[in-house]
Amino acid sequence: MSELTTVLHGLLSFLVFAVVLNWLLKRWQLGQIYDKIPGPKAYPLIGTMYSFFGKKHHEIFYVVDKRTRTYPNIHRLWTGLMPEVRISKAEYVEQVISSSKHMEKSHSYRFLHEWLGEGLLTSKGERWFQHRKLITPTFHFNILDGFCDVFDENSQVLVEQLQPHADTGTPVNVFPFIAKAALDIICETAMGVKVNAQREENTYVNAVYEISELFLDRLVRPWLHIDFFWKWSQYAKRHKTVLGIIHGHTRSVIRDRKAALAKSPQSDLPTDGIDDGSGKKKRMAFLDLLLQGNQVNNLLTDEDVREEVDTFMFEGHDTTSAGISWVLFLLALHPDIQERVYEEIESALGTDDTKPVTMQDLGELKLLERCIKEALRLYPSVPFFGRTTTEDIKLGGYHVPSGTIVGIQSYHVHRDERFFPDPETFDPDRFLPENCEHRHPYAYIPFSAGPRNCIGQKFALLEEKSVISRVVRRFRLRSVRTRSQQLILQELIARPKDGIMLYLETRK
């Protein structure tokens with residue numbers, strides 16, 4: 001019996017050794033392929049992640065920036081044992097995201113699954129296609145037109161909140177004010193509920209902020225990429241608590257909106273909204289439209305709806321907060337352009353600032369739109385996003401195997417001197433029609449591009465126009481910091497570190 005046991009142990013040991021040896025051989029072969037691509041030195045187990053060790057949150061962006069400038073166009077990394085290729089050239093970006101071949105998001109997006117599930121941002125394959133098809137009509141022109149009232153009402157609250165800080169000779173950090181306004185807007189347009197973030201403390205609001213920070217805490221610590229270590233970390237415990245608050249709020253709203261929807265005649269919905277129980281009609285929100293669209297084919301469960309609403313909340317809050325803040329910062333640094341924008345606003349909207357701003361009014365603000373686009377070039381809200389290749393491809397003469405994570409550095413794509421001469425200069429006229437005509441279609445990708453482009457980009461531009469026009473209409477802006485002094489903090493999106501400090505002067 002002991003001899004048999006010895007033989008079995010020996011056979012088992014051999015099999016384990018063979019499996020490990022085969023794995024190591026394959027890793028070595030892959031390593032030979034990836035290491036032909038330029039990049040920083042990699043070490044066993046930690047790969048190239050050592051460059052982040054000991055760095056503070058606000059230093060991470062600049063580590064990535066320096067590395068990308070050291071290895072322009074294309075370079076490779078090792079996140080622990082996982083290889084990754086980063087690209088910052090429009091032609092390479094087009095190869096990866098222009099077709100339906102490489103549509104799966106990168107591995108790091110799985111860290112969002114507990115929060116967003118399989119919403120549009122993280123889903124793939126047939127599920128993504130069906131959900132995208134169902135959600136697309138909710139961003140119809142007529143629906144966006146109805147949202148303009150929400151944009152304007154909350155923008156007016158924003159300028160009233162800022163007013164006490166004007167004409168004091170003391171700068172104010174406008175970022176938290178803008179973030180709360182954007183959260184008020186997204187809660188009302190996405191879920192049809194008012195959270196009054198601009199006037200009141202709110203646990204849901206705080207939870208949305210905190211979960212972004214927890215994502216980055218995990219992303220920059222390779223040992224926390226392993227689920228076992230993550231689950232036993234201090235971050236995971238807090239993550240679970242915060243998720244409970246966010247999901248509980250969304251589920252509660254979905255139950256209420258489904259009940260209200262059941263009471264309203266479907267024919268009333270597109271124009272009149274739904275009865276909120278008080279006899280008054282409420283505007284149709286993204287959630288209402290999603291529930292209504294789902295009545296036809298019943299594709300989505302309540303949890304599917306929750307995932308899509310949470311995704312819309314995530315993608316439509318932080319990104320626009322940052323976008324608006326960066327535009328105001330750049331206008332404050334360029335008083336000549338700021339005054340031209342103000343004159344355009346006065347000409348298009350008139351002198352009566354109590355009159356509601358419509359979608360047609362916002363369409364007249366051509367210079368402001370160019371300023372927003374140029375700010376998104378210099379400070380894309382999402383400076384980096386990822387895909388996973390589904391077949392072997394050649395990028396810049398380098399072989400990139402199927403299954404590789406490819407990171408697209410939009411921040412650096414936008415600084416290609418072939419398409420944007422003197423790229424660090426703020427010049428809204430880059431986006432005059434004649435200057436865009438022959439530009440590479442993947443040289444400017446603030447909303448990604450291709451089949452998985454941002455479904456809410458028109459929504460975002462309208463919201464930014466509405467908020468910025470209200471602020472510039474009320475205040476003359478002057479910045480405390482220069483471009484070099486204003487650091488970037490990369491979490492889920494690129495925020496301004498320590499906010500945006502501006503002097504506000506009330507326009508007479």
# chains A, B, ... in the order shown; residues from 1 in each chain; ligands from 1
$ closest_atom_pairs --of "region 111-212 of chain A" --to "region 297-310 of chain A" --cutoff "7 Å" --atoms "only C-alpha atoms" --output "JSON lines"
{"residue": "A:Leu116", "atom": "CA", "partner": "A:Glu307", "partner_atom": "CA", "distance": 5.1}
{"residue": "A:Gly117", "atom": "CA", "partner": "A:Glu307", "partner_atom": "CA", "distance": 5.5}
{"residue": "A:Glu118", "atom": "CA", "partner": "A:Glu307", "partner_atom": "CA", "distance": 6.5}
{"residue": "A:Gly119", "atom": "CA", "partner": "A:Glu308", "partner_atom": "CA", "distance": 4.7}
{"residue": "A:Leu120", "atom": "CA", "partner": "A:Glu308", "partner_atom": "CA", "distance": 6.6}
{"residue": "A:Ala190", "atom": "CA", "partner": "A:Val309", "partner_atom": "CA", "distance": 6.6}
$ write_last_selection --atoms "N, CA, C and O atoms" --output "PDB file, in the first residue's frame"
ATOM      1  N   LEU A 116     -21.192  48.160 -11.106  1.00  0.00           N
ATOM      2  CA  LEU A 116     -21.945  48.394 -12.343  1.00  0.00           C
ATOM      3  C   LEU A 116     -22.463  47.115 -12.989  1.00  0.00           C
ATOM      4  O   LEU A 116     -23.206  47.202 -13.974  1.00  0.00           O
ATOM      5  N   GLY A 117     -22.065  45.951 -12.447  1.00  0.00           N
ATOM      6  CA  GLY A 117     -22.535  44.707 -13.044  1.00  0.00           C
ATOM      7  C   GLY A 117     -22.138  44.611 -14.503  1.00  0.00           C
ATOM      8  O   GLY A 117     -20.997  44.895 -14.876  1.00  0.00           O
ATOM      9  N   GLU A 118     -23.095  44.241 -15.332  1.00  0.00           N
ATOM     10  CA  GLU A 118     -22.849  44.144 -16.777  1.00  0.00           C
ATOM     11  C   GLU A 118     -23.656  45.206 -17.508  1.00  0.00           C
ATOM     12  O   GLU A 118     -24.416  44.913 -18.436  1.00  0.00           O
ATOM     13  N   GLY A 119     -23.491  46.446 -17.070  1.00  0.00           N
ATOM     14  CA  GLY A 119     -24.082  47.565 -17.799  1.00  0.00           C
ATOM     15  C   GLY A 119     -23.319  47.824 -19.080  1.00  0.00           C
ATOM     16  O   GLY A 119     -22.349  47.125 -19.398  1.00  0.00           O
ATOM     17  N   LEU A 120     -23.720  48.843 -19.822  1.00  0.00           N
ATOM     18  CA  LEU A 120     -23.112  49.105 -21.129  1.00  0.00           C
ATOM     19  C   LEU A 120     -21.599  49.250 -21.075  1.00  0.00           C
ATOM     20  O   LEU A 120     -20.887  48.855 -21.990  1.00  0.00           O
ATOM     21  N   ALA A 190     -31.324  60.849 -14.818  1.00  0.00           N
ATOM     22  CA  ALA A 190     -31.156  59.389 -14.882  1.00  0.00           C
ATOM     23  C   ALA A 190     -32.261  58.662 -14.129  1.00  0.00           C
ATOM     24  O   ALA A 190     -32.799  57.665 -14.603  1.00  0.00           O
TER      25      ALA A 190
END
$ residues_around --residues "region 203-208 of chain A" --least-positions-apart "6" --cutoff "10 Å" --atoms "only C-alpha atoms" --output "PyMOL selection string"
chain A and resi 179-180+183-184+187+195-197+239+241-250+310+313-314+317-318
$ write_last_selection --atoms "N, CA, C and O atoms" --output "compact mmCIF listing (two decimals), in the first residue's frame"
# COMPACT_ATOMS: atom_id res chain seq x y z
N ALA A 179 -19.39 69.80 -9.04
CA ALA A 179 -19.64 68.36 -8.85
C ALA A 179 -21.04 68.12 -8.29
O ALA A 179 -21.74 67.19 -8.71
N LYS A 180 -21.45 68.94 -7.34
CA LYS A 180 -22.78 68.78 -6.74
C LYS A 180 -23.88 69.15 -7.74
O LYS A 180 -24.93 68.50 -7.77
N LEU A 183 -24.21 66.29 -10.07
CA LEU A 183 -24.89 65.16 -9.42
C LEU A 183 -26.39 65.42 -9.34
O LEU A 183 -27.20 64.50 -9.56
N ASP A 184 -26.78 66.65 -9.05
CA ASP A 184 -28.21 66.99 -9.07
C ASP A 184 -28.80 66.72 -10.45
O ASP A 184 -29.90 66.17 -10.59
N CYS A 187 -28.90 62.82 -11.26
CA CYS A 187 -29.92 62.10 -10.49
C CYS A 187 -31.31 62.36 -11.04
O CYS A 187 -32.16 61.46 -11.11
N VAL A 195 -32.03 65.03 -5.44
CA VAL A 195 -31.26 64.73 -4.23
C VAL A 195 -30.79 66.02 -3.55
O VAL A 195 -30.27 65.97 -2.44
N ASN A 196 -30.96 67.16 -4.24
CA ASN A 196 -30.59 68.46 -3.66
C ASN A 196 -29.15 68.46 -3.12
O ASN A 196 -28.89 68.94 -2.02
N ALA A 197 -28.25 67.89 -3.90
CA ALA A 197 -26.85 67.81 -3.48
C ALA A 197 -26.22 69.18 -3.28
O ALA A 197 -25.31 69.33 -2.47
N HIS A 239 -15.64 49.23 0.70
CA HIS A 239 -16.27 49.10 -0.62
C HIS A 239 -17.65 48.46 -0.49
O HIS A 239 -18.62 48.91 -1.12
N THR A 241 -19.63 48.44 2.14
CA THR A 241 -20.55 49.38 2.81
C THR A 241 -21.05 50.43 1.83
O THR A 241 -22.26 50.72 1.76
N VAL A 242 -20.13 50.99 1.06
CA VAL A 242 -20.49 52.05 0.10
C VAL A 242 -21.40 51.50 -0.99
O VAL A 242 -22.38 52.14 -1.39
N LEU A 243 -21.10 50.28 -1.48
CA LEU A 243 -21.95 49.65 -2.50
C LEU A 243 -23.37 49.44 -1.99
O LEU A 243 -24.33 49.63 -2.73
N GLY A 244 -23.49 49.07 -0.72
CA GLY A 244 -24.81 48.88 -0.14
C GLY A 244 -25.64 50.14 -0.19
O GLY A 244 -26.86 50.10 -0.48
N ILE A 245 -25.00 51.28 0.07
CA ILE A 245 -25.70 52.56 0.01
C ILE A 245 -26.14 52.88 -1.41
O ILE A 245 -27.30 53.23 -1.67
N ILE A 246 -25.22 52.73 -2.37
CA ILE A 246 -25.50 53.07 -3.78
C ILE A 246 -26.58 52.16 -4.35
O ILE A 246 -27.57 52.62 -4.93
N HIS A 247 -26.40 50.85 -4.21
CA HIS A 247 -27.37 49.90 -4.78
C HIS A 247 -28.73 50.00 -4.09
O HIS A 247 -29.78 49.89 -4.75
N GLY A 248 -28.71 50.21 -2.79
CA GLY A 248 -29.98 50.35 -2.07
C GLY A 248 -30.78 51.53 -2.57
O GLY A 248 -32.01 51.44 -2.75
N HIS A 249 -30.10 52.65 -2.82
CA HIS A 249 -30.77 53.85 -3.31
C HIS A 249 -31.36 53.60 -4.70
O HIS A 249 -32.53 53.91 -4.96
N THR A 250 -30.55 53.03 -5.59
CA THR A 250 -31.01 52.80 -6.97
C THR A 250 -32.18 51.83 -7.01
O THR A 250 -33.17 52.06 -7.73
N ASP A 310 -27.01 52.67 -12.76
CA ASP A 310 -25.76 52.95 -12.05
C ASP A 310 -24.64 53.32 -13.02
O ASP A 310 -23.81 54.18 -12.74
N MET A 313 -25.23 56.81 -14.13
CA MET A 313 -24.87 57.70 -13.03
C MET A 313 -23.36 57.90 -12.98
O MET A 313 -22.86 59.02 -12.83
N PHE A 314 -22.62 56.81 -13.10
CA PHE A 314 -21.16 56.88 -13.05
C PHE A 314 -20.60 57.66 -14.23
O PHE A 314 -19.80 58.59 -14.07
N HIS A 317 -21.64 61.64 -14.37
CA HIS A 317 -21.45 62.57 -13.26
C HIS A 317 -20.01 63.07 -13.19
O HIS A 317 -19.73 64.24 -13.43
N ASP A 318 -19.08 62.17 -12.85
CA ASP A 318 -17.69 62.57 -12.70
C ASP A 318 -17.12 63.19 -13.97
O ASP A 318 -16.36 64.16 -13.91
$ residues_around --residues "Glu213 (chain A)" --least-positions-apart "5" --cutoff "9 Å" --atoms "only C-alpha atoms" --output "MDAnalysis selection string"
chainID A and resid 218 491:492
$ write_last_selection --atoms "all heavy atoms" --output "JSON list (two decimals), in the first residue's frame"
[["chain", "number", "residue", "atom", "x", "y", "z"],
["A", 218, "ARG", "N", -7.41, 50.13, -5.47],
["A", 218, "ARG", "CA", -7.19, 48.75, -5.89],
["A", 218, "ARG", "C", -6.34, 48.67, -7.16],
["A", 218, "ARG", "O", -5.44, 47.83, -7.27],
["A", 218, "ARG", "CB", -8.53, 48.05, -6.13],
["A", 218, "ARG", "CG", -8.36, 46.57, -6.46],
["A", 218, "ARG", "CD", -9.68, 45.83, -6.63],
["A", 218, "ARG", "NE", -9.44, 44.40, -6.72],
["A", 218, "ARG", "CZ", -10.38, 43.49, -6.95],
["A", 218, "ARG", "NH1", -11.65, 43.86, -7.09],
["A", 218, "ARG", "NH2", -10.08, 42.21, -7.02],
["A", 491, "GLU", "N", -8.22, 59.48, -10.96],
["A", 491, "GLU", "CA", -8.92, 58.40, -10.28],
["A", 491, "GLU", "C", -9.63, 57.62, -11.39],
["A", 491, "GLU", "O", -8.99, 57.13, -12.30],
["A", 491, "GLU", "CB", -9.85, 58.97, -9.22],
["A", 491, "GLU", "CG", -9.06, 59.59, -8.07],
["A", 491, "GLU", "CD", -9.91, 60.18, -6.97],
["A", 491, "GLU", "OE1", -11.11, 60.42, -7.18],
["A", 491, "GLU", "OE2", -9.36, 60.42, -5.88],
["A", 492, "LEU", "N", -10.94, 57.51, -11.34],
["A", 492, "LEU", "CA", -11.63, 56.94, -12.49],
["A", 492, "LEU", "C", -11.59, 57.90, -13.66],
["A", 492, "LEU", "O", -11.62, 57.51, -14.82],
["A", 492, "LEU", "CB", -13.09, 56.62, -12.12],
["A", 492, "LEU", "CG", -13.28, 55.39, -11.24],
["A", 492, "LEU", "CD1", -14.70, 55.31, -10.74],
["A", 492, "LEU", "CD2", -12.90, 54.12, -11.97]]
$ closest_residue --among "A:Pro44, A:Tyr503, A:Arg470, A:Ser2" --to "Thr351 (chain A)" --atoms "only C-alpha atoms"
A:Arg470
$ atom_distance --atom1 "CA of Tyr109 (chain A)" --atom2 "CA of Thr122 (chain A)"
6.5 Å
$ closest_residue --among "A:Glu315, A:Glu201, A:Glu417, A:Asp217" --to "Ile186 (chain A)" --atoms "only C-alpha atoms"
A:Glu315
$ closest_residue --among "A:Cys454, A:Leu368, A:Met501, A:Ala260" --to "Ser325 (chain A)" --atoms "only C-alpha atoms"
A:Met501
